[in-house]
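**Student:** Provided below: target_19.cif, containing mmCIF, C-alpha atoms.
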data_entry
loop_
_atom_site.label_atom_id
_atom_site.label_comp_id
_atom_site.auth_asym_id
_atom_site.auth_seq_id
_atom_site.Cartn_x
_atom_site.Cartn_y
_atom_site.Cartn_z
CA MET M 22 123.33 184.41 117.27
CA ASN M 23 120.49 186.67 116.15
CA ILE M 24 118.33 188.76 118.48
CA THR M 25 114.71 187.62 118.47
CA ALA M 26 113.17 189.57 121.36
CA VAL M 27 113.91 192.73 123.32
CA ASP M 28 111.93 193.44 126.48
CA VAL M 29 112.06 196.29 128.99
CA VAL M 30 111.21 195.40 132.60
CA VAL M 31 110.48 198.24 135.04
CA CYS M 32 110.09 197.17 138.66
CA SER M 33 110.39 198.67 142.14
CA PRO M 34 111.36 196.18 144.85
CA ASP M 35 113.42 198.40 147.20
CA ARG M 36 113.66 201.15 144.56
CA ASN M 37 112.95 201.58 140.83
CA PHE M 38 115.01 199.63 138.29
CA VAL M 39 114.96 199.44 134.48
CA THR M 40 116.19 196.11 133.13
CA LEU M 41 116.68 195.18 129.47
CA ARG M 42 116.16 191.53 128.47
CA VAL M 43 117.64 190.51 125.10
CA THR M 44 116.77 187.02 123.80
CA THR M 45 118.49 185.23 120.93
CA ASP M 46 117.52 182.45 118.55
CA ASP M 47 119.77 180.16 120.61
CA GLY M 48 117.45 180.68 123.58
CA LEU M 49 119.98 182.69 125.59
CA VAL M 50 118.84 185.72 127.60
CA GLY M 51 121.16 188.66 128.30
CA LEU M 52 120.46 191.37 130.86
CA GLY M 53 121.38 195.06 130.91
CA ASP M 54 120.76 197.76 133.52
CA GLY M 55 119.12 200.95 132.19
CA THR M 56 118.31 202.55 135.55
CA LEU M 57 118.65 206.35 135.69
CA ASN M 58 117.82 207.51 139.19
CA GLY M 59 114.67 209.66 139.24
CA ARG M 60 114.29 209.54 135.44
CA GLU M 61 113.77 205.81 134.97
CA LEU M 62 110.76 206.02 132.65
CA ALA M 63 112.65 208.22 130.20
CA VAL M 64 115.18 205.44 129.63
CA ALA M 65 112.48 202.78 129.58
CA SER M 66 110.65 204.64 126.82
CA TYR M 67 113.88 205.28 124.89
CA LEU M 68 114.65 201.55 124.98
CA ARG M 69 111.14 200.29 124.31
CA ASP M 70 110.05 202.79 121.67
CA HIS M 71 113.29 203.67 119.88
CA VAL M 72 115.98 201.03 120.47
CA ALA M 73 114.22 197.67 120.71
CA PRO M 74 112.90 197.75 117.11
CA LEU M 75 116.44 198.41 115.85
CA LEU M 76 117.88 195.35 117.56
CA LEU M 77 115.57 192.66 116.24
CA GLY M 78 117.40 190.42 113.78
CA ARG M 79 120.85 191.86 114.58
CA ASP M 80 123.79 189.61 115.39
CA ALA M 81 124.19 189.68 119.17
CA HIS M 82 127.92 189.02 118.80
CA ALA M 83 128.49 192.33 116.97
CA ILE M 84 128.90 194.41 120.13
CA GLU M 85 131.19 197.17 118.84
CA ASP M 86 129.16 197.61 115.66
CA THR M 87 125.90 197.78 117.61
CA TRP M 88 127.38 200.32 120.04
CA GLN M 89 128.54 202.59 117.23
CA PHE M 90 125.22 202.17 115.41
CA LEU M 91 123.17 203.21 118.45
CA TYR M 92 125.49 206.13 119.29
CA ARG M 93 125.92 207.56 115.79
CA SER M 94 122.67 206.75 114.01
CA ALA M 95 120.51 208.73 116.46
CA TYR M 96 122.41 211.89 115.44
CA TRP M 97 121.62 213.40 118.90
CA ARG M 98 124.58 212.10 120.88
CA ARG M 99 125.55 211.82 124.53
CA GLY M 100 123.35 212.71 127.49
CA PRO M 101 122.35 210.49 130.43
CA VAL M 102 119.20 209.01 128.87
CA THR M 103 120.86 208.05 125.59
CA MET M 104 124.00 206.69 127.24
CA ALA M 105 122.05 204.72 129.86
CA ALA M 106 120.03 203.11 127.07
CA ILE M 107 123.16 202.25 125.08
CA ALA M 108 124.76 200.89 128.25
CA ALA M 109 121.79 198.58 128.85
CA VAL M 110 122.13 197.12 125.36
CA ASP M 111 125.90 196.85 125.56
CA VAL M 112 125.92 195.01 128.90
CA ALA M 113 123.16 192.64 127.72
CA LEU M 114 125.20 191.78 124.61
CA TRP M 115 128.35 191.13 126.66
CA ASP M 116 126.25 188.91 128.93
CA LEU M 117 125.07 186.95 125.88
CA LYS M 118 128.53 186.65 124.35
CA ALA M 119 130.01 185.31 127.59
CA GLN M 120 127.13 182.86 128.07
CA ALA M 121 127.61 181.60 124.51
CA ALA M 122 131.31 181.10 125.25
CA GLY M 123 130.51 179.32 128.51
CA LEU M 124 132.75 181.73 130.45
CA PRO M 125 132.33 184.38 133.13
CA LEU M 126 132.42 187.76 131.43
CA TYR M 127 135.73 188.89 132.93
CA GLN M 128 137.48 186.10 131.00
CA LEU M 129 136.41 187.71 127.71
CA LEU M 130 137.87 191.03 128.93
CA GLY M 131 141.33 189.51 129.31
CA GLY M 132 140.99 187.47 132.47
CA ALA M 133 141.49 188.37 136.11
CA SER M 134 144.13 190.95 137.07
CA ARG M 135 143.53 190.40 140.79
CA THR M 136 141.98 187.87 143.15
CA GLY M 137 139.39 190.26 144.62
CA ILE M 138 137.92 193.73 144.29
CA MET M 139 138.39 196.07 147.24
CA ALA M 140 135.10 197.74 148.16
CA TYR M 141 134.15 200.67 150.32
CA GLY M 142 130.95 201.08 152.31
CA HIS M 143 128.89 204.08 153.41
CA ALA M 144 129.09 204.97 157.10
CA SER M 145 127.17 207.97 158.40
CA GLY M 146 125.70 209.52 161.51
CA ARG M 147 123.87 212.52 162.88
CA ASP M 148 126.57 212.96 165.52
CA THR M 149 129.98 211.53 166.36
CA ALA M 150 128.68 208.66 168.47
CA GLU M 151 126.25 207.53 165.77
CA LEU M 152 128.95 207.87 163.10
CA PHE M 153 131.39 205.75 165.14
CA ASP M 154 128.71 203.07 165.56
CA SER M 155 128.12 203.06 161.80
CA ILE M 156 131.84 202.72 161.07
CA ARG M 157 132.13 199.83 163.52
CA GLU M 158 129.12 198.15 161.93
CA HIS M 159 130.71 198.39 158.49
CA LEU M 160 133.99 197.03 159.80
CA GLN M 161 132.13 194.08 161.29
CA LEU M 162 130.49 193.48 157.91
CA GLY M 163 133.97 193.13 156.45
CA TYR M 164 134.54 196.49 154.78
CA ARG M 165 138.17 197.55 154.73
CA SER M 166 137.52 201.08 153.41
CA ILE M 167 134.85 203.47 154.66
CA ARG M 168 133.14 206.55 153.24
CA VAL M 169 132.33 209.02 156.03
CA GLN M 170 129.29 211.34 155.82
CA THR M 171 127.81 213.26 158.73
CA SER M 172 125.15 215.75 159.66
CA VAL M 173 126.23 219.39 160.00
CA PRO M 174 125.04 221.62 162.86
CA GLY M 175 122.55 224.16 161.54
CA ILE M 176 121.57 222.09 158.48
CA ASN M 177 118.40 220.03 158.77
CA ALA M 178 119.21 217.32 156.19
CA VAL M 179 122.51 216.43 154.52
CA TYR M 180 123.18 214.06 151.63
CA GLY M 181 124.49 210.65 152.66
CA VAL M 182 123.27 210.50 156.28
CA ALA M 183 121.06 207.41 156.41
CA ALA M 184 119.62 207.94 159.90
CA GLN M 185 118.06 211.33 159.22
CA PRO M 186 114.32 210.97 158.49
CA THR M 187 112.96 211.42 154.97
CA SER M 188 109.70 213.17 154.11
CA GLU M 189 108.10 209.74 154.56
CA GLY M 190 109.49 209.55 158.09
CA SER M 191 111.76 206.59 157.28
CA ARG M 192 115.52 206.06 156.94
CA TYR M 193 117.05 205.88 153.48
CA ASP M 194 119.67 203.21 154.05
CA TYR M 195 119.25 201.85 150.54
CA GLU M 196 118.75 204.95 148.44
CA PRO M 197 118.10 208.69 148.95
CA ALA M 198 115.46 208.75 146.19
CA GLN M 199 112.17 209.02 148.04
CA ARG M 200 108.91 207.52 146.84
CA ALA M 201 106.79 210.66 146.53
CA PRO M 202 105.04 212.66 143.78
CA LEU M 203 107.50 215.57 144.16
CA PRO M 204 111.16 215.83 145.24
CA ALA M 205 111.90 216.68 148.87
CA GLU M 206 113.46 220.05 149.62
CA GLU M 207 116.59 220.11 151.81
CA ASP M 208 118.67 223.04 153.08
CA TRP M 209 122.37 223.85 152.65
CA ASP M 210 125.06 226.11 154.14
CA THR M 211 128.55 225.69 152.67
CA ARG M 212 130.36 227.72 155.35
CA ALA M 213 128.85 225.61 158.13
CA TYR M 214 129.86 222.45 156.26
CA LEU M 215 133.44 223.64 155.73
CA ARG M 216 133.80 224.51 159.42
CA HIS M 217 132.44 221.16 160.61
CA ILE M 218 133.86 218.43 158.35
CA PRO M 219 137.58 218.68 159.30
CA SER M 220 136.71 218.18 162.98
CA VAL M 221 134.74 215.05 162.05
CA PHE M 222 137.73 213.48 160.30
CA GLU M 223 140.00 214.47 163.18
CA ALA M 224 137.70 212.56 165.54
CA VAL M 225 137.46 209.54 163.22
CA ARG M 226 141.23 209.31 162.83
CA SER M 227 141.69 209.63 166.57
CA GLU M 228 139.23 206.79 167.18
CA PHE M 229 140.10 204.39 164.35
CA GLY M 230 143.77 205.11 163.69
CA PRO M 231 145.82 206.00 160.60
CA GLU M 232 145.50 202.77 158.60
CA LEU M 233 141.78 202.72 157.75
CA PRO M 234 141.17 204.17 154.25
CA LEU M 235 138.62 206.99 154.59
CA LEU M 236 136.62 208.60 151.78
CA HIS M 237 134.28 211.59 151.66
CA ASP M 238 131.74 212.85 149.10
CA GLY M 239 131.32 216.61 148.65
CA HIS M 240 128.47 215.95 146.18
CA HIS M 241 129.17 218.91 143.88
CA ARG M 242 128.21 221.53 146.49
CA MET M 243 131.37 223.67 146.63
CA THR M 244 132.87 226.29 144.36
CA PRO M 245 136.43 225.52 143.20
CA ILE M 246 138.06 227.73 145.86
CA GLN M 247 135.84 226.23 148.57
CA ALA M 248 136.77 222.76 147.37
CA ALA M 249 140.45 223.72 147.45
CA ARG M 250 140.06 224.88 151.05
CA LEU M 251 138.38 221.63 152.11
CA GLY M 252 140.96 219.48 150.35
CA LYS M 253 143.76 221.36 152.13
CA ASP M 254 141.99 221.23 155.51
CA LEU M 255 141.58 217.45 155.16
CA GLU M 256 145.21 216.74 154.25
CA PRO M 257 146.24 215.88 157.86
CA TYR M 258 143.68 213.04 157.85
CA ASP M 259 145.07 211.26 154.76
CA LEU M 260 141.85 210.64 152.79
CA PHE M 261 141.74 207.90 150.18
CA TRP M 262 139.80 210.46 148.13
CA LEU M 263 137.60 213.55 148.21
CA GLU M 264 134.76 212.91 145.77
CA ASP M 265 132.89 215.41 143.59
CA CYS M 266 134.28 218.40 145.44
CA THR M 267 132.88 220.82 142.85
CA PRO M 268 130.67 220.54 139.74
CA ALA M 269 133.11 219.43 137.06
CA GLU M 270 131.21 220.29 133.90
CA ASN M 271 133.74 223.13 133.83
CA GLN M 272 136.72 220.81 133.73
CA GLU M 273 139.25 223.66 133.97
CA ALA M 274 137.92 224.46 137.47
CA LEU M 275 139.81 221.45 138.80
CA ARG M 276 143.08 223.22 137.95
CA LEU M 277 142.44 225.58 140.85
CA VAL M 278 141.59 222.75 143.24
CA ARG M 279 144.61 220.71 142.19
CA ALA M 280 146.93 223.68 142.68
CA HIS M 281 145.98 224.03 146.33
CA THR M 282 145.70 220.50 147.73
CA ILE M 283 147.33 217.08 147.55
CA THR M 284 144.17 215.31 148.77
CA PRO M 285 143.32 212.73 146.04
CA LEU M 286 140.30 213.68 143.94
CA ALA M 287 137.56 211.48 142.47
CA ILE M 288 135.14 212.87 139.89
CA GLY M 289 132.52 211.71 137.44
CA GLU M 290 129.46 209.88 138.75
CA VAL M 291 127.23 212.29 136.76
CA PHE M 292 129.40 212.07 133.62
CA ASN M 293 128.34 209.84 130.74
CA THR M 294 131.05 209.96 128.04
CA VAL M 295 134.81 210.20 127.68
CA TRP M 296 134.35 213.78 126.47
CA ASP M 297 133.43 214.82 130.02
CA TYR M 298 136.90 213.73 131.16
CA GLN M 299 139.28 214.85 128.44
CA THR M 300 140.85 217.81 130.25
CA LEU M 301 140.63 216.14 133.66
CA ILE M 302 142.55 213.08 132.49
CA ARG M 303 144.98 214.71 130.08
CA GLU M 304 146.08 217.30 132.66
CA GLN M 305 145.97 214.76 135.53
CA LEU M 306 143.54 216.89 137.53
CA ILE M 307 141.87 213.85 139.15
CA ASP M 308 143.03 210.54 140.60
CA TYR M 309 139.92 208.36 140.17
CA VAL M 310 137.24 208.00 137.48
CA ARG M 311 133.82 207.72 139.16
CA SER M 312 131.51 206.94 136.21
CA ALA M 313 128.98 204.11 136.32
CA VAL M 314 129.06 201.40 133.68
CA THR M 315 125.29 201.86 133.44
CA HIS M 316 125.41 205.61 132.70
CA THR M 317 128.49 205.76 130.49
CA GLY M 318 127.68 203.55 127.54
CA GLY M 319 128.32 200.16 129.11
CA ILE M 320 131.38 197.93 129.31
CA THR M 321 132.57 198.83 125.81
CA ALA M 322 132.78 202.55 126.52
CA MET M 323 133.99 202.25 130.12
CA ARG M 324 136.87 199.98 129.08
CA LYS M 325 138.04 202.58 126.57
CA LEU M 326 137.66 205.42 129.10
CA LEU M 327 139.65 203.54 131.74
CA ASP M 328 142.36 202.59 129.23
CA PHE M 329 142.68 206.32 128.43
CA ALA M 330 142.91 207.10 132.16
CA ALA M 331 145.55 204.40 132.66
CA GLN M 332 147.98 206.31 130.43
CA TYR M 333 148.03 208.99 133.14
CA GLN M 334 148.12 206.65 136.16
CA ILE M 335 144.50 207.49 136.98
CA LYS M 336 142.51 204.63 138.49
CA SER M 337 138.93 203.42 138.53
CA GLY M 338 136.38 204.08 141.27
CA ILE M 339 133.20 202.93 139.55
CA HIS M 340 129.90 204.29 140.89
CA GLY M 341 128.02 201.56 142.77
CA PRO M 342 125.28 202.60 145.20
CA THR M 343 121.86 200.96 145.17
CA ASP M 344 120.59 202.95 142.20
CA ILE M 345 122.79 200.55 140.24
CA SER M 346 120.88 197.27 140.02
CA PRO M 347 122.62 193.93 140.65
CA VAL M 348 122.89 193.65 136.85
CA GLY M 349 124.86 196.90 136.65
CA MET M 350 126.92 195.98 139.70
CA ALA M 351 127.88 192.63 138.17
CA ALA M 352 128.96 194.42 134.98
CA ALA M 353 131.18 196.74 137.02
CA LEU M 354 132.73 193.84 138.93
CA HIS M 355 133.70 191.92 135.79
CA LEU M 356 135.38 195.07 134.47
CA ASP M 357 137.03 195.76 137.85
CA LEU M 358 138.53 192.30 137.91
CA ALA M 359 139.98 192.56 134.40
CA ILE M 360 141.47 196.06 134.14
CA HIS M 361 144.97 196.85 135.37
CA ASN M 362 144.25 200.36 136.75
CA PHE M 363 141.58 199.32 139.23
CA GLY M 364 141.32 201.57 142.28
CA ILE M 365 138.29 200.77 144.45
CA GLN M 366 134.62 199.81 144.03
CA GLU M 367 131.71 201.51 145.75
CA TYR M 368 129.36 198.89 147.19
CA MET M 369 126.07 199.27 149.02
CA ARG M 370 124.21 196.06 149.77
CA HIS M 371 120.81 195.80 148.13
CA GLY M 372 117.66 195.07 150.12
CA ALA M 373 116.02 191.67 150.44
CA LEU M 374 113.29 192.45 147.90
CA THR M 375 115.85 193.47 145.27
CA ASN M 376 117.80 190.28 145.89
CA GLU M 377 114.59 188.32 145.37
CA VAL M 378 114.09 189.85 141.92
CA PHE M 379 117.76 189.68 140.86
CA ARG M 380 119.54 186.40 141.65
CA GLN M 381 123.29 187.05 141.83
CA SER M 382 126.48 185.03 141.80
CA PHE M 383 128.80 187.82 142.93
CA THR M 384 130.12 187.64 146.48
CA PHE M 385 131.47 189.97 149.19
CA GLU M 386 133.91 188.42 151.63
CA ASP M 387 136.49 189.99 153.94
CA GLY M 388 136.23 193.37 152.23
CA TYR M 389 136.54 192.08 148.67
CA LEU M 390 133.98 191.54 145.93
CA HIS M 391 134.13 188.91 143.19
CA PRO M 392 131.75 188.48 140.23
CA GLY M 393 131.71 184.68 140.43
CA GLU M 394 132.34 182.01 137.85
CA GLN M 395 128.94 181.56 136.22
CA PRO M 396 128.89 182.09 132.44
CA GLY M 397 127.98 185.66 131.49
CA LEU M 398 127.27 188.31 134.11
CA GLY M 399 126.08 185.77 136.66
CA VAL M 400 122.74 187.51 137.30
CA THR M 401 119.25 186.27 136.43
CA LEU M 402 115.94 188.13 136.60
CA ASP M 403 112.94 186.53 138.30
CA GLN M 404 110.18 187.89 136.08
CA ALA M 405 107.36 186.76 138.36
CA ALA M 406 108.97 188.46 141.35
CA ALA M 407 109.57 191.64 139.34
CA GLU M 408 105.89 191.83 138.40
CA ARG M 409 104.96 191.96 142.10
CA PHE M 410 106.74 195.32 142.45
CA PRO M 411 105.42 197.86 139.93
CA TYR M 412 107.06 201.22 139.32
CA GLN M 413 106.51 203.91 141.95
CA PRO M 414 107.26 207.60 141.36
CA ALA M 415 110.42 208.58 143.23
CA TYR M 416 112.74 211.57 143.17
CA LEU M 417 116.09 212.55 144.62
CA PRO M 418 115.95 215.58 146.96
CA PHE M 419 117.15 219.05 146.02
CA ASN M 420 118.81 221.86 148.00
CA ARG M 421 117.97 225.49 148.72
CA LEU M 422 120.19 228.02 150.49
CA LYS M 423 118.88 230.09 153.39
CA ASP M 424 117.72 232.82 150.99
CA GLY M 425 115.75 230.31 148.90
CA THR M 426 118.24 229.91 146.03
CA VAL M 427 118.28 226.43 144.48
CA HIS M 428 121.72 224.90 145.07
CA ASP M 429 123.55 221.76 143.97
CA TRP M 430 122.40 218.77 145.99
#
Would you kindly transcribe this structure into C-alpha cells?
**Tutor:**
Amino acid sequence: MNITAVDVVVCSPDRNFVTLRVTTDDGLVGLGDGTLNGRELAVASYLRDHVAPLLLGRDAHAIEDTWQFLYRSAYWRRGPVTMAAIAAVDVALWDLKAQAAGLPLYQLLGGASRTGIMAYGHASGRDTAELFDSIREHLQLGYRSIRVQTSVPGINAVYGVAAQPTSEGSRYDYEPAQRAPLPAEEDWDTRAYLRHIPSVFEAVRSEFGPELPLLHDGHHRMTPIQAARLGKDLEPYDLFWLEDCTPAENQEALRLVRAHTITPLAIGEVFNTVWDYQTLIREQLIDYVRSAVTHTGGITAMRKLLDFAAQYQIKSGIHGPTDISPVGMAAALHLDLAIHNFGIQEYMRHGALTNEVFRQSFTFEDGYLHPGEQPGLGVTLDQAAAERFPYQPAYLPFNRLKDGTVHDW
C-alpha cells in the first residue's frame, strides 16, 4: 500500500485547523491532525515543504519505521512543531491501516477495554450564579464530570471563562484563540486567585453535592509553593484533579507540590515527548498524563508514553479542547478505548461549521464518548466545505502582572 499523494489542508471554520491527507495507490485516504494552536502555519509548512516529499512512494503500512525515520532523520528532534507534524503523519497512517483492514482503529490497538469513554466538560462563569447555570447546562447535556473555571475579583479576564468578552467583543465558547493580527493582553494576580478559588469550590460542593467529579485548571500560573498551597486548600472539596498547577518544564518542582497536598495532579498538555515526563512518571509526581495525541507524536508515541505511565498506576487524561480537530479527537478516542490505564477524556463540542467540514462517526451519550465502528478513524474531510473557510490569523492571549511583567497565561 504505497503512498501516492500527500496534501496539507489549512482551513478555519470555527477556528484554524491543519489537516494532512495521505492517499495510497489503493485509493484509500487517511487523515491526520497537525493543528498547533496559534502556530498553525509553521506545522503546515513543515509538512508541506519538508515531510510530504519524504512520504511519496513509502509503504503506508510501515508506521513504526516511518515514525522513527521522521523523528531521527531530521537530526533536530522534539519540539511542538516537529512532533505535531509527525503526529499528523502517524495518525493518517493508522487511519489507512485500519481502513485497509476493514476495522475501526481501536481494534488494531488491541480492542476495546471499556464500553465507553468518560468525558468532562468545561463549565465557567463570571460569578457564582453564572457558574451554577453553566454547570447545570453541562449536566443537562449529559456530562458526568465538570471542569470549573471562574472569574476572579480584581482581574479583568481569566483563562477558561467563556462568558467574558474577547477583544472582538464576543464570547469564546469554542476556543480562546482570538482572530486578530496580535494576541490580546490579559491581566493576572496570583494572590487574588489563591484567595478566591477555594470559596468557589466550597460553593459548588454545597450546591451540587459530594458525588460530582470536579476538575480545575491552574494553567501554569503558580510557583511550586503557590501550587502546593492551592492543592492543600482544595483538599476538602475532593477534586478529580488539579491541572497544570505550575510550569512543569522543571520536573523536580512537582516534588514540592506533591509533598504538601494529596489533591490529584494532572500535567502535560504543553509537553510533546516522553522525555518531558520521565521524572514525573518515575517518581509518581503526577496522577494523569495530559498530552494531546496531536502534539506528542501521534498514536504510536502516545501508546508508548501511556504504557510507561501504567507501570506507575498513572492514568490518561488526553488533551481535547476545540484546538484539537475532530480528526485528532477521533484518534484520542480510539486510544482511550483500547488502553487499560484510561482516566478521563477532555471534550468540548465543536461548532456547526467545524462539523460541516469534518464528518464524524464518534458519539457522546449519557456522559460517555465512543469512536464508532466505521473502518479507520471514522472521520472524513469535506474538501469543498474546507475551501469555504480560509485561514485567519489568530492568537492565544497572554498575561501581564500589575507592574507590566509578562506572566504565564
**Student:** Residue by residue, what does the PyMOL selection byres ((chain M and resi 177) around 10) grab here? Present the result as number ranges by chain.
**Tutor:** M: 172-176, 178-179, 185-186, 207-209
**Student:** Keeping only C-alpha atoms, write those residues as an mmCIF file, in the coordinates of the input.
**Tutor:**
data_model
loop_
_atom_site.group_PDB
_atom_site.id
_atom_site.type_symbol
_atom_site.label_atom_id
_atom_site.label_comp_id
_atom_site.auth_asym_id
_atom_site.auth_seq_id
_atom_site.Cartn_x
_atom_site.Cartn_y
_atom_site.Cartn_z
ATOM 1 C CA SER M 172 125.150 215.750 159.660
ATOM 2 C CA VAL M 173 126.230 219.390 160.000
ATOM 3 C CA PRO M 174 125.040 221.620 162.860
ATOM 4 C CA GLY M 175 122.550 224.160 161.540
ATOM 5 C CA ILE M 176 121.570 222.090 158.480
ATOM 6 C CA ALA M 178 119.210 217.320 156.190
ATOM 7 C CA VAL M 179 122.510 216.430 154.520
ATOM 8 C CA GLN M 185 118.060 211.330 159.220
ATOM 9 C CA PRO M 186 114.320 210.970 158.490
ATOM 10 C CA GLU M 207 116.590 220.110 151.810
ATOM 11 C CA ASP M 208 118.670 223.040 153.080
ATOM 12 C CA TRP M 209 122.370 223.850 152.650
#
**Student:** What's around range 229-235 of chain M at 6 Å? Count only C-alpha atoms, leave out sequence neighbours fewer than 4 positions away in its own chain, and write the answer as JSON, numbers by chain.
**Tutor:** {"M": [166, 167, 168, 225, 260, 261]}
**Student:** Check the smallest atom-to-atom distance from each of M:Leu306, M:Leu263, M:Val291, M:Ala83 to Leu251 in chain M using only C-alpha atoms, then report the winner.
**Tutor:**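 Closest to Leu251 in chain M of all the choices is M:Leu263.
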**Student:** Measuring atom to atom with all atoms listed in the file, identify which of M:Tyr416, M:Glu273, M:Met22, M:Ile365 is nearest to Asp344 in chain M.
**Tutor:**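 That would be M:Tyr416, the residue with the smallest distance to Asp344 in chain M.
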**Student:** Please evaluate the PyMOL selection byres ((chain M and resi 164) around 8) against the displayed coordinates and give the resulting residues as a list in words.
**Tutor:** Ala140, Tyr141, Gly142, His159, Leu160, Gln161, Leu162, Gly163, Arg165, Ser166, Ile167, Asp387, Gly388 and Tyr389 of chain M
**Student:** Between CA of Trp262 in chain M and CA of Arg311 in chain M, what distance in Å does the model show, to one decimal?
**Tutor:** 11.1 Å
**Student:** Taking the file as shown, what set of residues would the PyMOL selection byres ((chain M and resi 84-90) around 10) give back, as an NGL selection string?
**Tutor:** :M and (75-76 or 79-83 or 91-95 or 107-108 or 110-115 or 118 or 318-319 or 321-322)
**Student:** Could you work out how far CA of Leu41 in chain M lies from CA of Ala405 in chain M, giving the answer in Å with one decimal?
**Tutor:** 15.4 Å
**Student:** For CA of Asn376 in chain M and CA of Ala313 in chain M, determine how far apart the two atoms are, in Å to one decimal place.
**Tutor:**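 Computed distance, CA of Asn376 in chain M to CA of Ala313 in chain M, equals 20.2 Å.
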**Student:** Select all residues near (118.3, 230.1, 149.0) (cut-off 12 Å, inclusive, file coordinates), counting only C-alpha atoms, and output them as a list in words.
**Tutor:**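 All residues meeting the 12 Å criterion around (118.3, 230.1, 149.0) are Glu206, Glu207, Asp208, Trp209, Asp210, Thr211, Phe419, Asn420, Arg421, Leu422, Lys423, Asp424, Gly425, Thr426, Val427, His428 and Asp429 of chain M.
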**Student:** (138.7, 197.7, 135.9) in this file's frame - what residues fall within 9 Å of it? Use only C-alpha atoms and give the answer as a PyMOL selection string.
**Tutor:** chain M and resi 134+323-324+327+336-339+353-364
**Student:** Range 266-275 of chain M, all listed atoms, 6 Å padding on each side: what axis-aligned box centre and edge lengths in Å to one decimal come out, as lines of an AutoDock Vina configuration file?
**Tutor:**
center_x = 135.2
center_y = 221.4
center_z = 139.6
size_x = 21.1
size_y = 18.1
size_z = 23.7
**Student:** Skipping near chain neighbours, those fewer than 6 positions away, what residues fall within 9 Å of range 63-65 of chain M using only C-alpha atoms, listed as a PyMOL selection string?
**Tutor:** chain M and resi 29-31+39-41+55-57+101-103+105-106
**Student:** Looking at only C-alpha atoms, which of M:Asn23, M:Asn293, M:Thr267, M:Ser227 is the one that sits closest to Asp46 in chain M?
**Tutor:**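 So, comparing all the options, the nearest one is M:Asn23.
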**Student:** Restricting the calculation to only C-alpha atoms: of M:Gly341, M:Leu203, M:Arg147, M:Tyr127, which residue gets closest to Tyr180 in chain M?
**Tutor:**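 The shortest atom-to-atom distance to Tyr180 in chain M comes from M:Arg147.
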**Student:** Using all atoms listed in the file, which protein or nucleic acid residues come within 6 Å of Gly349 in chain M? Drop anything in the same chain fewer than 4 positions from it, and give the result as a PyMOL selection string.
**Tutor:** chain M and resi 54+315+345
**Student:** Hey, could you patch up range 201-214 of chain M with N, CA and C atoms and hand it over as an mmCIF file, in the coordinates of the input?
**Tutor:**
data_model
loop_
_atom_site.group_PDB
_atom_site.id
_atom_site.type_symbol
_atom_site.label_atom_id
_atom_site.label_comp_id
_atom_site.auth_asym_id
_atom_site.auth_seq_id
_atom_site.Cartn_x
_atom_site.Cartn_y
_atom_site.Cartn_z
ATOM 1 N N ALA M 201 107.684 209.524 146.303
ATOM 2 C CA ALA M 201 106.790 210.660 146.530
ATOM 3 C C ALA M 201 106.499 211.304 145.179
ATOM 4 N N PRO M 202 105.379 212.038 145.060
ATOM 5 C CA PRO M 202 105.040 212.660 143.780
ATOM 6 C C PRO M 202 105.925 213.842 143.415
ATOM 7 N N LEU M 203 106.623 214.429 144.413
ATOM 8 C CA LEU M 203 107.500 215.570 144.160
ATOM 9 C C LEU M 203 108.791 215.391 144.958
ATOM 10 N N PRO M 204 109.904 215.973 144.490
ATOM 11 C CA PRO M 204 111.160 215.830 145.240
ATOM 12 C C PRO M 204 111.130 216.593 146.551
ATOM 13 N N ALA M 205 111.806 216.026 147.566
ATOM 14 C CA ALA M 205 111.900 216.680 148.870
ATOM 15 C C ALA M 205 112.885 217.831 148.816
ATOM 16 N N GLU M 206 112.579 218.896 149.544
ATOM 17 C CA GLU M 206 113.460 220.050 149.620
ATOM 18 C C GLU M 206 114.335 219.951 150.874
ATOM 19 N N GLU M 207 115.656 220.093 150.694
ATOM 20 C CA GLU M 207 116.590 220.110 151.810
ATOM 21 C C GLU M 207 117.326 221.445 151.821
ATOM 22 N N ASP M 208 117.983 221.755 152.950
ATOM 23 C CA ASP M 208 118.670 223.040 153.080
ATOM 24 C C ASP M 208 120.181 222.837 152.986
ATOM 25 N N TRP M 209 120.915 223.946 152.793
ATOM 26 C CA TRP M 209 122.370 223.850 152.650
ATOM 27 C C TRP M 209 123.039 225.133 153.084
ATOM 28 N N ASP M 210 124.230 224.987 153.698
ATOM 29 C CA ASP M 210 125.060 226.110 154.140
ATOM 30 C C ASP M 210 126.514 225.679 154.002
ATOM 31 N N THR M 211 127.192 226.150 152.957
ATOM 32 C CA THR M 211 128.550 225.690 152.670
ATOM 33 C C THR M 211 129.528 226.081 153.772
ATOM 34 N N ARG M 212 129.414 227.276 154.318
ATOM 35 C CA ARG M 212 130.360 227.720 155.350
ATOM 36 C C ARG M 212 130.258 226.838 156.596
ATOM 37 N N ALA M 213 129.024 226.497 156.977
ATOM 38 C CA ALA M 213 128.850 225.610 158.130
ATOM 39 C C ALA M 213 129.476 224.251 157.859
ATOM 40 N N TYR M 214 129.294 223.750 156.664
ATOM 41 C CA TYR M 214 129.860 222.450 156.260
ATOM 42 C C TYR M 214 131.383 222.492 156.309
#
